[in-house]
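Asker: Here it is, the structure in full.
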Amino acid sequence: MLDMLRKIVQEVNAASTLTAALNIIVRRVHRAMKTNVCSVYLYDPKTENYVLMASEGLNPNAVGHVSLSPSEGVVGKVVDRAEPINLEDASVHPSYHYVMEAGEEEFHAFLGVPIIHQRKVLGVLVVQQKTRRRFDESEEAFLVTMSAQLAGVIAHAEVTGGITVGPNDGHVRNDAKFDGVAGAQGVAIGTAVVIAPLADLDAVPDQDAEDIDVELEHFRHALEKVRSDIRVVGRSLAQRLKGEEQALFDVYLRMLDDNALAGEVEERINGGQWAPGALRQVIQAHVQQFEMMDDPYLRERATDIKDLGRRVLSKMQQEGASTPVNFPEDTILVAEEITPAMLGEVPTEKLIGLVSVMGSGNSHAAILARSMGIPTVMGVVDLPATQIHSKQLILDGYSGRVFVNPSAEMCSFYNDILQEEQQLTKGLEAIRDLPSVTVDGRVVPLWVNTGLATDVALSLDRGAEGVGLYRTEVPFMISQFFPSETEQQISYRKQLEPFAPRAVTMRTLDIGGDKSLPYFPIEEENPSLGWRGIRVTLDHPEIFLVQVRAMLMASEGLDNLRIMLPMISTVTEIDEAVTLINRAFSELVDEGHDLVQPEIGVMIEVPAAVYQARAFAKRVDFISVGSNDLTQYLLAVDRNNPRVADLYNVYHPAVLNALQHIVTEAHQENIQVSICGEMAGDPGGALLLIAMGYDVLSMNSTNLPRVKSAIRGVSYEQCVQLLSEVVDLETQEQIQSHITSKMTEFGLGRLTRQVLSVHPGKH
Ligand code: PEP
Ligand code: MG
């Protein structure tokens with residue numbers, strides 16, 4: 001049964017349209033369960049009815065016509081109860097609804113299970129039989145499992161089916177809407193440029209060939225290189241391989257023959273597709289076929305084909321044939337997963353938006369996007385990225401939505417918002433040089449978080465009073481190898497010098513979790529709970545010491561360096577790291593450097609640290625709260641997973657409680673307590689943090705003017721009052737809506753645009 005299930009799901013996955021997918025489902029389930037009828041009803045948002053979309057066994061003319069309201073018939077009952085209904089004879093059930101054109105009258109036994117995706121009933125999967133009998137438990141279990149597995153596939157097919165009519169015919173529906181998660185606020189109207197990471201065949205977009213001959217040439221060239229690599233490897237291993245293993249190399253070469261894969265790829269290029277897209281289409285089609293085979297040996301061959309495809313793609317990429325060279329003036333970069341290196345590929349002045357299929361609002365890609373002030377939508381899991389290259393997009397970074405091929409009406413709606421945004425930005429420019437102080441005189445230092453080289457100029461331009469977090473892993477992520485001590489020293493100096501004498505807080509390398517280095521991969525089942533941050537660098541003192549030495553040398557003569565340790569969960573880690581820092585310091589002094597001892601601080605990012613805040617505070621000069629990770633760990637919600645993005649919320653009462661606890665505890669040791677998580681950059685959040693007693697708020701430079709504007713518009717007393725009201729509330733929703741209404745009362749409503757509540761595409 002399991003095998004059958006797997007095969008059906010795979011086959012459905014491979015279907016190119018929703019109709020094809022549904023037909024496969026009914027045909028296969030009908031056969032697997034040996035029933036007289038198998039049908040699928042799907043919800044139609046326009047009529048709010050459930051429509052018979054495919055059937056094996058009912059009158060074919062009824063398909064597409066029979067439509068039931070959620071209160072109609074036994075199918076309606078399944079929807080209403082959102083659970084299976086198993087009847088010996090449906091015709092005697094009180095809810096039975098006779099639909100003449102379906103020809104149901106001869107069927108008695110009925111089993112209907114809901115198809116549920118993300119809590120919504122998408123439809124109902126029904127099997128029926130002529131005899132009067134109850135379907136047995138194993139049949140019910142099969143159908144329930146089938147439906148649970150198919151729900152995601154159907155949901156995906158529904159949205160992608162909305163975009164493409166027929167396989168790759170390039171016809172795109174107007175205003176096709178894809179939901180994701182808000183990444184960076186703002187709106188962008190522009191042209192999609194889809195970038196695939198190196199050697200990721202599945203992410204290669206479809207694209208029209210500009211010059212078919214050039215594309216053919218690229219492909220043939222790459223193919224020849226791969227063939228020759230295979231021959232070389234085959235020859236060099238000839239001595240050690242048995243005959244049959246040796247024969248595998250011949251099989252690979254044959255697969256690449258003109259009358260096999262290569263021929264098919266060329267055919268598609270001749271049909272107008274660029275070479276990488278043609279390669280992806282052919283390889284995917286073959287992989288799907290192999291994966292559906294019964295024979296485990298043949299099934300395994302899918303891996304070989306994937307590998308061959310990847311090799312040919314790599315060769316093409318090495319020759320520079322697979323990244324778009326022309327970026328339009330209004331580029332919206334779309335990728336499976338946005339990386340810092342990709343951001344560097346697009347000229348900054350042309351980049352107006354980012355869309356990432358993976359990741360969530362607090363993934364590091366989103367944080368970087370926020371610091372660059374580029375509207376971003378993350379986690380648009382249903383977006384058929386390979387099909388939208390060069391299409392027109394609207395990106396709504398407030399509500400986390402992307403529209404493909406927007407209508408004129410939609411464009412005009414979003415153009416109005418763009419204009420509003422511009423006005424707000426202009427208004428905020430006016431307070432650039434004014435102090436960050438409440439109306440009753442409380443000074444709130446606003447610092448910035450940096451990472452990219454461009455952050456420095458932007459931050460200074462927006463009146464930053466220091467750097468509360470320099471994410472040193474960002475330059476590491478862009479580099480090809482671990483940067484040398486001198487390279488690090490040079491890039492750190494570029495951060496320290498422009499800010500001097502203002503403090504610059506450099507965080508030691510914080511890799512792991514969703515921040516991986518291409519040259520130092522960390523593969524773990526559970527990376528957020530694994531080898532991250534200080535855990536990695538304490539295990540690799542050579543990396544840690546080089547970095548600390550580079551920081552110290554870079555600070556020579558400036559004396560504005562602060563060193564901060566990430567992901568600390570025990571005092572032992574602090575003691576060990578401080579010992580290493582002291583060692584690097586004395587070595588450098590011995591070598592003749594003229595250095596001032598830097599302040600050392602720790603981040604509080606894990607629940608254990610919350611409860612040891614005081615013990616930590618005794619050992620360091622300052623504490624900075626990383627509310628992004630703290631929220632993730634306190635709420636047990638992966639900050640990168642769009643599925644649980646709704647649960648990730650810094651305004652959860654438990655998070656606010658923890659934030660208060662940390663500052664109260666740490667202040668007893670008379671040290672500075674700052675916060676550098678994204679919450680500090682939210683105007684409403686900033687007011688709460690001020691009331692809690694945070695000494696410094698550190699945020700991305702884009703948000704700094706908004707936060708300053710909020711601070712200048714309230715009194716400290718109002719902040720304290722707001723906090724006292726909020727602590728009595730029990731849910732994040734209540735807290736957030738209370739903050740929003742209070743902000744409006746304070747006259748700060750313009751700063752709180754979170755989600756657009758009405759627009760033409762809202763369903
Ligand atoms: C945090 O976790 O809040 C933080 C500032 O660090 P990062 O987002 O880089 O993990
Ligand atoms: Mg963190």
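Chain identifiers are assigned as A, B, and so on, following the order in which chains appear in the structure tokens; residues are numbered from 1 within each chain, and ligands are numbered from 1 in order of appearance.
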Would you mind listing the residues within 6 Å of ligand 2, counting only C-alpha atoms and all ligand atoms, as a PDB file with N, CA, C and O atoms, in the first residue's frame?

Answerer:
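So the final result, stored in result.pdb, reads:
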ATOM      1  N   GLY A 626      19.504  39.359  21.589  1.00  0.00           N
ATOM      2  CA  GLY A 626      19.202  38.981  20.204  1.00  0.00           C
ATOM      3  C   GLY A 626      17.771  38.462  20.184  1.00  0.00           C
ATOM      4  O   GLY A 626      17.522  37.260  20.312  1.00  0.00           O
ATOM      5  N   ASN A 628      15.714  38.038  17.912  1.00  0.00           N
ATOM      6  CA  ASN A 628      15.294  37.161  16.800  1.00  0.00           C
ATOM      7  C   ASN A 628      15.435  35.698  17.217  1.00  0.00           C
ATOM      8  O   ASN A 628      14.509  34.903  17.080  1.00  0.00           O
ATOM      9  N   ASP A 629      16.623  35.376  17.708  1.00  0.00           N
ATOM     10  CA  ASP A 629      16.815  33.987  18.132  1.00  0.00           C
ATOM     11  C   ASP A 629      16.076  33.699  19.427  1.00  0.00           C
ATOM     12  O   ASP A 629      15.534  32.612  19.609  1.00  0.00           O
TER      13      ASP A 629
END

Asker: With only C-alpha atoms and all ligand atoms counted, collect every polymer residue having an atom within 10 Å of ligand 1; state the result as a compact mmCIF listing (two decimals) with all heavy atoms, in the first residue's frame.

Answerer:
# COMPACT_ATOMS: atom_id res chain seq x y z
N ASN A 362 12.25 36.21 9.46
CA ASN A 362 13.44 36.48 10.26
C ASN A 362 14.65 35.68 9.82
O ASN A 362 15.63 35.56 10.55
CB ASN A 362 13.15 36.29 11.74
CG ASN A 362 12.46 37.54 12.26
OD1 ASN A 362 13.08 38.60 12.35
ND2 ASN A 362 11.18 37.43 12.50
N SER A 363 14.58 35.15 8.61
CA SER A 363 15.76 34.51 8.03
C SER A 363 16.78 35.62 7.80
O SER A 363 16.42 36.79 7.66
CB SER A 363 15.44 33.92 6.67
OG SER A 363 14.46 32.95 6.80
N HIS A 364 18.03 35.22 7.73
CA HIS A 364 19.05 36.25 7.58
C HIS A 364 18.97 36.99 6.26
O HIS A 364 19.32 38.17 6.18
CB HIS A 364 20.42 35.66 7.86
CG HIS A 364 20.59 35.44 9.33
ND1 HIS A 364 20.17 34.29 9.96
CD2 HIS A 364 21.01 36.28 10.29
CE1 HIS A 364 20.37 34.43 11.25
NE2 HIS A 364 20.88 35.62 11.49
N ALA A 365 18.46 36.31 5.22
CA ALA A 365 18.31 36.99 3.93
C ALA A 365 17.33 38.15 4.09
O ALA A 365 17.56 39.25 3.57
CB ALA A 365 17.79 36.01 2.89
N ALA A 366 16.26 37.93 4.85
CA ALA A 366 15.28 38.99 5.06
C ALA A 366 15.88 40.13 5.87
O ALA A 366 15.62 41.31 5.62
CB ALA A 366 14.05 38.43 5.77
N ILE A 367 16.71 39.76 6.84
CA ILE A 367 17.33 40.80 7.67
C ILE A 367 18.25 41.68 6.83
O ILE A 367 18.26 42.91 6.93
CB ILE A 367 18.07 40.15 8.85
CG1 ILE A 367 17.02 39.57 9.83
CG2 ILE A 367 18.98 41.14 9.55
CD1 ILE A 367 17.58 38.80 10.98
N LEU A 368 19.01 41.04 5.94
CA LEU A 368 19.90 41.80 5.05
C LEU A 368 19.07 42.71 4.15
O LEU A 368 19.42 43.87 3.93
CB LEU A 368 20.72 40.86 4.17
CG LEU A 368 21.89 40.16 4.84
CD1 LEU A 368 22.65 39.34 3.82
CD2 LEU A 368 22.82 41.19 5.46
N ASN A 449 22.58 48.09 13.08
CA ASN A 449 23.12 46.77 12.78
C ASN A 449 23.71 46.85 11.38
O ASN A 449 23.06 47.36 10.47
CB ASN A 449 22.03 45.71 12.78
CG ASN A 449 21.36 45.58 14.13
OD1 ASN A 449 21.88 46.05 15.14
ND2 ASN A 449 20.19 44.96 14.16
N GLY A 451 26.42 44.87 8.24
CA GLY A 451 26.94 43.59 7.75
C GLY A 451 27.54 43.81 6.38
O GLY A 451 28.70 43.53 6.12
N GLY A 468 25.58 48.66 17.00
CA GLY A 468 25.25 47.73 18.08
C GLY A 468 25.49 46.28 17.69
O GLY A 468 25.57 45.39 18.53
N LEU A 469 25.56 46.05 16.39
CA LEU A 469 25.82 44.68 15.92
C LEU A 469 26.40 44.76 14.51
O LEU A 469 25.70 45.19 13.58
CB LEU A 469 24.50 43.88 15.90
CG LEU A 469 24.52 42.57 15.10
CD1 LEU A 469 25.49 41.56 15.73
CD2 LEU A 469 23.12 41.94 15.04
N TYR A 470 27.64 44.34 14.41
CA TYR A 470 28.20 44.16 13.07
C TYR A 470 28.26 42.65 12.87
O TYR A 470 28.96 41.94 13.59
CB TYR A 470 29.59 44.81 12.98
CG TYR A 470 30.35 44.43 11.71
CD1 TYR A 470 29.76 44.53 10.46
CD2 TYR A 470 31.66 43.99 11.77
CE1 TYR A 470 30.44 44.19 9.30
CE2 TYR A 470 32.37 43.64 10.61
CZ TYR A 470 31.75 43.74 9.39
OH TYR A 470 32.42 43.40 8.26
N ARG A 471 27.47 42.16 11.91
CA ARG A 471 27.41 40.70 11.67
C ARG A 471 28.61 40.29 10.83
O ARG A 471 28.55 40.33 9.60
CB ARG A 471 26.11 40.33 10.94
CG ARG A 471 24.86 40.48 11.77
CD ARG A 471 23.63 39.98 11.02
NE ARG A 471 22.48 39.80 11.88
CZ ARG A 471 21.52 40.71 12.07
NH1 ARG A 471 21.58 41.87 11.45
NH2 ARG A 471 20.51 40.45 12.87
N THR A 472 29.68 39.88 11.47
CA THR A 472 30.91 39.60 10.73
C THR A 472 30.76 38.41 9.78
O THR A 472 31.56 38.26 8.86
CB THR A 472 32.09 39.31 11.68
OG1 THR A 472 31.75 38.18 12.48
CG2 THR A 472 32.43 40.49 12.54
N GLU A 473 29.73 37.57 10.00
CA GLU A 473 29.61 36.42 9.11
C GLU A 473 29.20 36.82 7.69
O GLU A 473 29.41 36.09 6.75
CB GLU A 473 28.63 35.37 9.65
CG GLU A 473 27.22 35.86 9.94
CD GLU A 473 27.10 36.61 11.26
OE1 GLU A 473 28.11 36.74 11.97
OE2 GLU A 473 26.00 37.11 11.55
N VAL A 474 28.65 38.03 7.55
CA VAL A 474 28.20 38.43 6.19
C VAL A 474 29.38 38.47 5.22
O VAL A 474 29.32 37.82 4.17
CB VAL A 474 27.39 39.75 6.23
CG1 VAL A 474 27.00 40.18 4.83
CG2 VAL A 474 26.15 39.56 7.10
N ARG A 507 30.48 41.39 16.32
CA ARG A 507 30.13 40.06 16.83
C ARG A 507 31.08 39.04 16.22
O ARG A 507 31.34 39.08 15.01
CB ARG A 507 28.70 39.75 16.46
CG ARG A 507 28.28 38.37 16.89
CD ARG A 507 26.80 38.20 16.75
NE ARG A 507 26.40 37.99 15.36
CZ ARG A 507 25.12 37.87 14.97
NH1 ARG A 507 24.15 37.96 15.87
NH2 ARG A 507 24.82 37.67 13.72
N LEU A 509 32.25 35.48 14.75
CA LEU A 509 31.59 34.70 13.70
C LEU A 509 30.39 33.90 14.22
O LEU A 509 30.52 33.09 15.13
CB LEU A 509 32.62 33.76 13.08
CG LEU A 509 32.22 33.07 11.80
CD1 LEU A 509 31.99 34.10 10.70
CD2 LEU A 509 33.30 32.10 11.38
N ASP A 510 29.23 34.15 13.63
CA ASP A 510 28.01 33.46 14.07
C ASP A 510 27.48 32.64 12.89
O ASP A 510 26.52 33.03 12.24
CB ASP A 510 26.98 34.50 14.51
CG ASP A 510 25.72 33.86 15.07
OD1 ASP A 510 25.77 32.71 15.53
OD2 ASP A 510 24.66 34.53 15.06
N ILE A 511 28.10 31.51 12.64
CA ILE A 511 27.62 30.67 11.54
C ILE A 511 26.86 29.47 12.09
O ILE A 511 26.84 29.24 13.30
CB ILE A 511 28.78 30.20 10.61
CG1 ILE A 511 29.90 29.58 11.44
CG2 ILE A 511 29.27 31.35 9.76
CD1 ILE A 511 30.97 28.92 10.60
N GLY A 512 26.26 28.71 11.21
CA GLY A 512 25.39 27.61 11.64
C GLY A 512 23.95 28.09 11.50
O GLY A 512 23.72 29.23 11.08
N GLY A 513 22.99 27.27 11.84
CA GLY A 513 21.59 27.65 11.64
C GLY A 513 21.35 27.89 10.16
O GLY A 513 21.71 27.05 9.32
N ASP A 514 20.79 29.05 9.80
CA ASP A 514 20.56 29.30 8.37
C ASP A 514 21.72 30.06 7.73
O ASP A 514 21.61 30.51 6.61
CB ASP A 514 19.23 30.01 8.13
CG ASP A 514 19.26 31.47 8.57
OD1 ASP A 514 19.99 31.78 9.52
OD2 ASP A 514 18.53 32.29 7.97
N LYS A 515 22.82 30.23 8.49
CA LYS A 515 23.96 30.94 7.91
C LYS A 515 25.10 29.97 7.64
O LYS A 515 25.83 29.60 8.55
CB LYS A 515 24.43 32.04 8.85
CG LYS A 515 23.43 33.17 8.95
CD LYS A 515 23.88 34.27 9.89
CE LYS A 515 23.72 33.90 11.33
NZ LYS A 515 23.88 35.03 12.24
N ARG A 532 26.37 26.01 16.37
CA ARG A 532 26.10 27.40 15.93
C ARG A 532 26.96 28.37 16.73
O ARG A 532 27.26 28.13 17.89
CB ARG A 532 24.66 27.78 16.28
CG ARG A 532 23.62 27.47 15.29
CD ARG A 532 22.39 28.32 15.57
NE ARG A 532 22.64 29.73 15.26
CZ ARG A 532 21.71 30.69 15.33
NH1 ARG A 532 20.48 30.41 15.68
NH2 ARG A 532 22.00 31.95 15.04
N GLY A 533 27.24 29.51 16.12
CA GLY A 533 27.83 30.64 16.84
C GLY A 533 29.06 30.28 17.64
O GLY A 533 29.99 29.65 17.14
N PRO A 566 28.18 35.56 20.29
CA PRO A 566 26.81 35.11 19.98
C PRO A 566 26.47 33.73 20.54
O PRO A 566 27.37 32.91 20.77
CB PRO A 566 26.84 35.02 18.45
CG PRO A 566 28.25 34.64 18.13
CD PRO A 566 29.13 35.22 19.21
N MET A 567 25.19 33.49 20.77
CA MET A 567 24.67 32.16 21.10
C MET A 567 25.25 31.56 22.37
O MET A 567 25.46 30.35 22.47
CB MET A 567 24.96 31.18 19.94
CG MET A 567 23.97 31.23 18.82
SD MET A 567 22.34 30.71 19.32
CE MET A 567 22.56 28.99 19.62
N MET A 603 25.66 38.11 23.84
CA MET A 603 24.28 38.19 23.38
C MET A 603 23.42 37.25 24.21
O MET A 603 23.88 36.15 24.56
CB MET A 603 24.19 37.79 21.91
CG MET A 603 24.85 38.78 21.01
SD MET A 603 24.47 38.45 19.29
CE MET A 603 22.77 39.00 19.18
N ILE A 604 22.22 37.68 24.48
CA ILE A 604 21.27 36.77 25.13
C ILE A 604 20.28 36.37 24.05
O ILE A 604 19.50 37.19 23.55
CB ILE A 604 20.60 37.46 26.32
CG1 ILE A 604 21.70 37.74 27.34
CG2 ILE A 604 19.46 36.59 26.87
CD1 ILE A 604 21.37 37.64 28.77
N GLU A 605 20.38 35.11 23.67
CA GLU A 605 19.57 34.63 22.54
C GLU A 605 18.86 33.32 22.84
O GLU A 605 18.04 32.87 22.05
CB GLU A 605 20.47 34.41 21.32
CG GLU A 605 21.20 35.65 20.87
CD GLU A 605 21.99 35.41 19.60
OE1 GLU A 605 23.14 34.93 19.71
OE2 GLU A 605 21.47 35.69 18.52
N VAL A 606 19.23 32.68 23.94
CA VAL A 606 18.60 31.39 24.24
C VAL A 606 17.96 31.46 25.63
O VAL A 606 18.42 32.23 26.49
CB VAL A 606 19.61 30.22 24.15
CG1 VAL A 606 20.23 30.15 22.78
CG2 VAL A 606 20.67 30.31 25.21
N SER A 624 23.71 42.33 25.11
CA SER A 624 22.82 42.74 24.03
C SER A 624 21.87 41.58 23.74
O SER A 624 22.30 40.43 23.61
CB SER A 624 23.64 43.07 22.78
OG SER A 624 22.76 43.57 21.80
N VAL A 625 20.61 41.90 23.67
CA VAL A 625 19.61 40.83 23.48
C VAL A 625 19.37 40.60 21.99
O VAL A 625 19.09 41.55 21.25
CB VAL A 625 18.29 41.19 24.18
CG1 VAL A 625 17.25 40.10 23.95
CG2 VAL A 625 18.52 41.40 25.66
N GLY A 626 19.50 39.36 21.59
CA GLY A 626 19.20 38.98 20.20
C GLY A 626 17.77 38.46 20.18
O GLY A 626 17.52 37.26 20.31
N SER A 627 16.83 39.36 20.03
CA SER A 627 15.43 38.94 20.17
C SER A 627 14.97 38.04 19.02
O SER A 627 13.99 37.32 19.16
CB SER A 627 14.51 40.16 20.29
OG SER A 627 14.74 41.02 19.21
N ASN A 628 15.71 38.04 17.91
CA ASN A 628 15.29 37.16 16.80
C ASN A 628 15.44 35.70 17.22
O ASN A 628 14.51 34.90 17.08
CB ASN A 628 16.16 37.39 15.55
CG ASN A 628 16.19 38.83 15.14
OD1 ASN A 628 15.30 39.58 15.48
ND2 ASN A 628 17.22 39.22 14.42
N ASP A 629 16.62 35.38 17.71
CA ASP A 629 16.82 33.99 18.13
C ASP A 629 16.08 33.70 19.43
O ASP A 629 15.53 32.61 19.61
CB ASP A 629 18.31 33.68 18.29
CG ASP A 629 18.91 33.26 16.94
OD1 ASP A 629 18.29 32.44 16.25
OD2 ASP A 629 19.98 33.77 16.59
N LEU A 630 16.06 34.68 20.31
CA LEU A 630 15.37 34.44 21.58
C LEU A 630 13.90 34.07 21.34
O LEU A 630 13.36 33.16 21.96
CB LEU A 630 15.47 35.69 22.46
CG LEU A 630 14.95 35.51 23.88
CD1 LEU A 630 15.65 34.37 24.60
CD2 LEU A 630 15.09 36.80 24.69
N THR A 631 13.28 34.75 20.39
CA THR A 631 11.87 34.44 20.07
C THR A 631 11.78 33.02 19.51
O THR A 631 10.91 32.23 19.90
CB THR A 631 11.33 35.45 19.03
OG1 THR A 631 11.53 36.75 19.54
CG2 THR A 631 9.87 35.22 18.73
N GLN A 632 12.69 32.70 18.59
CA GLN A 632 12.69 31.36 17.99
C GLN A 632 12.79 30.27 19.06
O GLN A 632 12.05 29.30 19.05
CB GLN A 632 13.86 31.26 17.02
CG GLN A 632 14.53 29.91 16.93
CD GLN A 632 15.38 29.74 15.67
OE1 GLN A 632 14.86 29.56 14.61
NE2 GLN A 632 16.68 29.76 15.84
N TYR A 633 13.72 30.48 20.01
CA TYR A 633 13.94 29.42 21.00
C TYR A 633 12.88 29.40 22.10
O TYR A 633 12.51 28.34 22.58
CB TYR A 633 15.34 29.54 21.60
CG TYR A 633 16.43 29.28 20.56
CD1 TYR A 633 17.39 30.23 20.27
CD2 TYR A 633 16.46 28.08 19.86
CE1 TYR A 633 18.37 29.99 19.31
CE2 TYR A 633 17.44 27.83 18.90
CZ TYR A 633 18.39 28.79 18.63
OH TYR A 633 19.35 28.55 17.68
N ARG A 639 12.72 30.17 12.93
CA ARG A 639 12.59 31.50 12.32
C ARG A 639 12.65 31.47 10.79
O ARG A 639 12.36 32.46 10.14
CB ARG A 639 13.64 32.46 12.89
CG ARG A 639 15.06 32.06 12.58
CD ARG A 639 16.07 32.84 13.41
NE ARG A 639 16.51 34.06 12.77
CZ ARG A 639 17.53 34.80 13.19
NH1 ARG A 639 18.20 34.46 14.29
NH2 ARG A 639 17.90 35.87 12.56
N ILE A 675 19.57 46.06 22.87
CA ILE A 675 18.87 45.01 22.12
C ILE A 675 19.16 45.24 20.65
O ILE A 675 19.14 46.37 20.16
CB ILE A 675 17.34 45.02 22.42
CG1 ILE A 675 16.61 44.01 21.52
CG2 ILE A 675 16.72 46.40 22.26
CD1 ILE A 675 15.28 43.56 22.08
N CYS A 676 19.49 44.14 19.94
CA CYS A 676 19.85 44.31 18.53
C CYS A 676 19.03 43.40 17.62
O CYS A 676 19.34 43.23 16.46
CB CYS A 676 21.35 44.07 18.34
SG CYS A 676 21.88 42.44 18.85
N GLY A 677 17.97 42.80 18.18
CA GLY A 677 17.09 42.01 17.32
C GLY A 677 16.17 42.95 16.55
O GLY A 677 16.11 44.16 16.82
N GLU A 678 15.43 42.40 15.60
CA GLU A 678 14.60 43.22 14.71
C GLU A 678 13.52 44.00 15.46
O GLU A 678 13.03 45.01 14.97
CB GLU A 678 13.95 42.32 13.66
CG GLU A 678 14.94 41.71 12.70
CD GLU A 678 15.66 42.75 11.85
OE1 GLU A 678 14.99 43.38 11.03
OE2 GLU A 678 16.88 42.93 12.03
N MET A 679 13.16 43.52 16.65
CA MET A 679 12.10 44.20 17.39
C MET A 679 12.45 45.66 17.67
O MET A 679 11.58 46.53 17.68
CB MET A 679 11.87 43.47 18.72
CG MET A 679 10.81 44.08 19.57
SD MET A 679 10.78 43.24 21.16
CE MET A 679 9.38 44.07 21.91
N ALA A 680 13.76 45.92 17.89
CA ALA A 680 14.18 47.29 18.21
C ALA A 680 13.87 48.24 17.07
O ALA A 680 13.72 49.44 17.26
CB ALA A 680 15.67 47.30 18.53
N SER A 698 19.39 48.92 18.91
CA SER A 698 20.19 48.80 17.68
C SER A 698 19.36 48.13 16.60
O SER A 698 18.76 47.08 16.83
CB SER A 698 21.45 47.98 17.98
OG SER A 698 22.30 48.04 16.86
N MET A 699 19.34 48.75 15.42
CA MET A 699 18.42 48.28 14.36
C MET A 699 19.01 48.50 12.99
O MET A 699 20.06 49.14 12.88
CB MET A 699 17.12 49.06 14.47
CG MET A 699 17.33 50.54 14.18
SD MET A 699 16.10 51.58 14.93
CE MET A 699 16.54 51.48 16.66

Asker: Just list the residues in region 123-310 of chain A DSSP gives alpha helix (DSSP H) on the backbone, as a PyMOL selection string.

Answerer: chain A and resi 137-163+212-237+243-255+261-270+275-291+296-310

Asker: Tyr648 (chain A): which residues within 10 Å, counting only C-alpha atoms, same-chain residues fewer than 4 positions away excluded, as an mmCIF file with N, CA and C atoms, in the first residue's frame?

Answerer:
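Printed below is out-v4.cif as written:
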data_model
loop_
_atom_site.group_PDB
_atom_site.id
_atom_site.type_symbol
_atom_site.label_atom_id
_atom_site.label_comp_id
_atom_site.auth_asym_id
_atom_site.auth_seq_id
_atom_site.Cartn_x
_atom_site.Cartn_y
_atom_site.Cartn_z
ATOM 1 N N SER A 360 11.895 32.676 5.851
ATOM 2 C CA SER A 360 10.775 33.346 6.484
ATOM 3 C C SER A 360 11.189 34.764 6.873
ATOM 4 N N GLY A 361 10.296 35.447 7.606
ATOM 5 C CA GLY A 361 10.517 36.860 7.889
ATOM 6 C C GLY A 361 11.758 37.170 8.699
ATOM 7 N N ASN A 362 12.253 36.206 9.459
ATOM 8 C CA ASN A 362 13.445 36.479 10.259
ATOM 9 C C ASN A 362 14.654 35.685 9.825
ATOM 10 N N ASN A 628 15.714 38.038 17.912
ATOM 11 C CA ASN A 628 15.294 37.161 16.800
ATOM 12 C C ASN A 628 15.435 35.698 17.217
ATOM 13 N N THR A 631 13.277 34.746 20.389
ATOM 14 C CA THR A 631 11.872 34.436 20.067
ATOM 15 C C THR A 631 11.780 33.017 19.511
ATOM 16 N N GLN A 632 12.691 32.705 18.593
ATOM 17 C CA GLN A 632 12.690 31.364 17.993
ATOM 18 C C GLN A 632 12.793 30.274 19.064
ATOM 19 N N LEU A 634 12.410 30.595 22.493
ATOM 20 C CA LEU A 634 11.382 30.611 23.546
ATOM 21 C C LEU A 634 10.080 29.996 23.047
ATOM 22 N N LEU A 635 9.744 30.305 21.783
ATOM 23 C CA LEU A 635 8.455 29.834 21.263
ATOM 24 C C LEU A 635 8.579 28.510 20.524
ATOM 25 N N ALA A 636 9.797 27.998 20.417
ATOM 26 C CA ALA A 636 10.035 26.763 19.664
ATOM 27 C C ALA A 636 9.476 26.883 18.251
ATOM 28 N N VAL A 637 9.785 28.002 17.618
ATOM 29 C CA VAL A 637 9.327 28.246 16.241
ATOM 30 C C VAL A 637 10.545 28.586 15.380
ATOM 31 N N ASP A 638 10.801 27.738 14.422
ATOM 32 C CA ASP A 638 11.921 27.957 13.515
ATOM 33 C C ASP A 638 11.758 29.284 12.775
ATOM 34 N N ARG A 639 12.720 30.167 12.925
ATOM 35 C CA ARG A 639 12.588 31.497 12.318
ATOM 36 C C ARG A 639 12.647 31.466 10.794
ATOM 37 N N ASN A 640 13.050 30.335 10.213
ATOM 38 C CA ASN A 640 13.154 30.237 8.755
ATOM 39 C C ASN A 640 12.008 29.501 8.105
ATOM 40 N N ASN A 641 11.096 28.985 8.901
ATOM 41 C CA ASN A 641 10.093 28.095 8.341
ATOM 42 C C ASN A 641 8.776 28.836 8.083
ATOM 43 N N PRO A 642 8.448 29.052 6.808
ATOM 44 C CA PRO A 642 7.236 29.829 6.525
ATOM 45 C C PRO A 642 5.952 29.166 7.032
ATOM 46 N N VAL A 644 5.365 27.955 9.898
ATOM 47 C CA VAL A 644 5.028 28.350 11.262
ATOM 48 C C VAL A 644 5.252 29.849 11.477
ATOM 49 N N HIS A 652 4.673 37.955 21.669
ATOM 50 C CA HIS A 652 4.136 36.893 22.524
ATOM 51 C C HIS A 652 4.425 37.299 23.982
ATOM 52 N N GLN A 732 -0.600 37.540 21.792
ATOM 53 C CA GLN A 732 0.174 38.444 20.956
ATOM 54 C C GLN A 732 -0.728 39.328 20.096
#

Asker: Just the residues within 10 Å of His156 (chain A), please, counting only C-alpha atoms, with nothing from its chain fewer than 5 positions along; format it as a list in words.

Answerer: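 That gives Asn13, Leu18, Leu150, Ala151, Gly161, Gly162, Val381, Asp382, Leu383 and Pro384 of chain A.
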
Asker: Quick one: contact table of region 359-468 of chain A to region 196-201 of chain A, 12 Å max, nearest atom pair and distance in Å to one decimal per residue, counting only C-alpha atoms, chain and number order, as CSV?

Answerer:
residue,atom,partner,partner_atom,distance
A:Ala385,CA,A:Ala196,CA,9.6
A:Thr386,CA,A:Ala196,CA,9.0
A:His389,CA,A:Ala196,CA,11.0
